[in-house]
Amino acid sequence: MSGALVKCLICETACSEFFHKKIKSTFYQCPNCALIFKDKASYMNEEEEYKHYAKHNNSIENEGYVAMFQDFLDKTVLKDKTGTKSVLEFGSGPGPVLSELLKREGFEVDIYDKFFSPKKVYKDKLYDYVTSTEVIEHISDPVFIMNFFNTHLKVGGYLALMTQFHNNKVEDFLSWWYCRDLSHISFFMPQTFEVLAARCGFEVVYSDDIKVILLRKN
Ligand SMILES: [Zn+2]
């Protein structure tokens, strides 16, 4: 790819590129929205991806894992919840912990996962909330997925996302555990979500500046 000008997948600004020697992958960094994304030549194939996710052993018995999700819910969908609300839990994974917590909190929950719960339950449906944790970093086209979320939210509905934010410094990125997970291909900052939100009909209403972001559909 050397020499070719690669444009940002979100805002189409010309990106700079850098190479991660340890994982032998090229990444692109947008100077405008701060999206960092992996070159497609380094993507896993679907079979490798499936095996990778199936290894994740995230169960409701894992206290640390449950506490992390409870914190996520407290910061997002539980903030001003009244009455029964519907939620699409997108990318629920092999052990759907978050959907169990959402049910305990009184939500009507639909789950979808490309590998582990592939029925398109969201078809022709609009939700009050969409939750998606540790998913968007696996997605090659952030605009496409944000438009998908928009399509399945009511006006004024909320999208709650969890993904580890980078700090936009290449030297830190290169030693960051999060980018060494070979299934991670897109990396965000709150600033990235500001640009993404403006493009896809959302508004950022909250971020913890670490890994949680809450957006409202306009
Ligand atoms: Zn950009």
# chains A, B, ... in the order shown; residues from 1 in each chain; ligands from 1
call {"tool": "residues_near_ligand", "arguments": {"ligand": "ligand 1", "cutoff": "7 Å", "atoms": "only C-alpha atoms and all ligand atoms", "output": "number ranges by chain"}}
result
A: 8-13, 30-35
call {"tool": "write_last_selection", "arguments": {"atoms": "C-alpha atoms", "output": "mmCIF file, in the first residue's frame"}}
result
data_model
loop_
_atom_site.group_PDB
_atom_site.id
_atom_site.type_symbol
_atom_site.label_atom_id
_atom_site.label_comp_id
_atom_site.auth_asym_id
_atom_site.auth_seq_id
_atom_site.Cartn_x
_atom_site.Cartn_y
_atom_site.Cartn_z
ATOM 1 C CA CYS A 8 -10.289 7.868 6.364
ATOM 2 C CA LEU A 9 -13.234 5.451 6.418
ATOM 3 C CA ILE A 10 -15.296 8.002 8.344
ATOM 4 C CA CYS A 11 -14.403 11.507 7.147
ATOM 5 C CA GLU A 12 -12.385 10.793 3.974
ATOM 6 C CA THR A 13 -9.392 12.844 5.087
ATOM 7 C CA CYS A 30 -6.779 10.058 10.425
ATOM 8 C CA PRO A 31 -5.517 13.569 11.333
ATOM 9 C CA ASN A 32 -9.092 14.879 11.468
ATOM 10 C CA CYS A 33 -11.270 12.367 13.388
ATOM 11 C CA ALA A 34 -8.439 10.244 14.886
ATOM 12 C CA LEU A 35 -9.771 6.933 13.597
#
call {"tool": "residues_around", "arguments": {"residues": "Cys200 of chain A", "least_positions_apart": "3", "cutoff": "8 Å", "atoms": "only C-alpha atoms", "output": "list in words"}}
result
Val143, Met146, Asn147, Asn150, Leu196 and Ala197 of chain A
call {"tool": "atom_distance", "arguments": {"atom1": "atom CA of Asn218 of chain A", "atom2": "atom CA of Glu203 of chain A"}}
result
6.8 Å
call {"tool": "closest_atom_pairs", "arguments": {"of": "segment 75-97 of chain A", "to": "segment 127-141 of chain A", "cutoff": "7 Å", "atoms": "only C-alpha atoms", "output": "JSON lines"}}
result
{"residue": "A:Lys85", "atom": "CA", "partner": "A:Asp128", "partner_atom": "CA", "distance": 6.0}
{"residue": "A:Ser86", "atom": "CA", "partner": "A:Asp128", "partner_atom": "CA", "distance": 5.3}
{"residue": "A:Val87", "atom": "CA", "partner": "A:Tyr129", "partner_atom": "CA", "distance": 4.6}
{"residue": "A:Leu88", "atom": "CA", "partner": "A:Val130", "partner_atom": "CA", "distance": 4.8}
{"residue": "A:Glu89", "atom": "CA", "partner": "A:Thr131", "partner_atom": "CA", "distance": 4.9}
{"residue": "A:Phe90", "atom": "CA", "partner": "A:Ser132", "partner_atom": "CA", "distance": 5.0}
{"residue": "A:Gly91", "atom": "CA", "partner": "A:Val135", "partner_atom": "CA", "distance": 6.2}
call {"tool": "atom_distance", "arguments": {"atom1": "atom CA of Ile145 of chain A", "atom2": "atom CA of Val121 of chain A"}}
result
16.2 Å
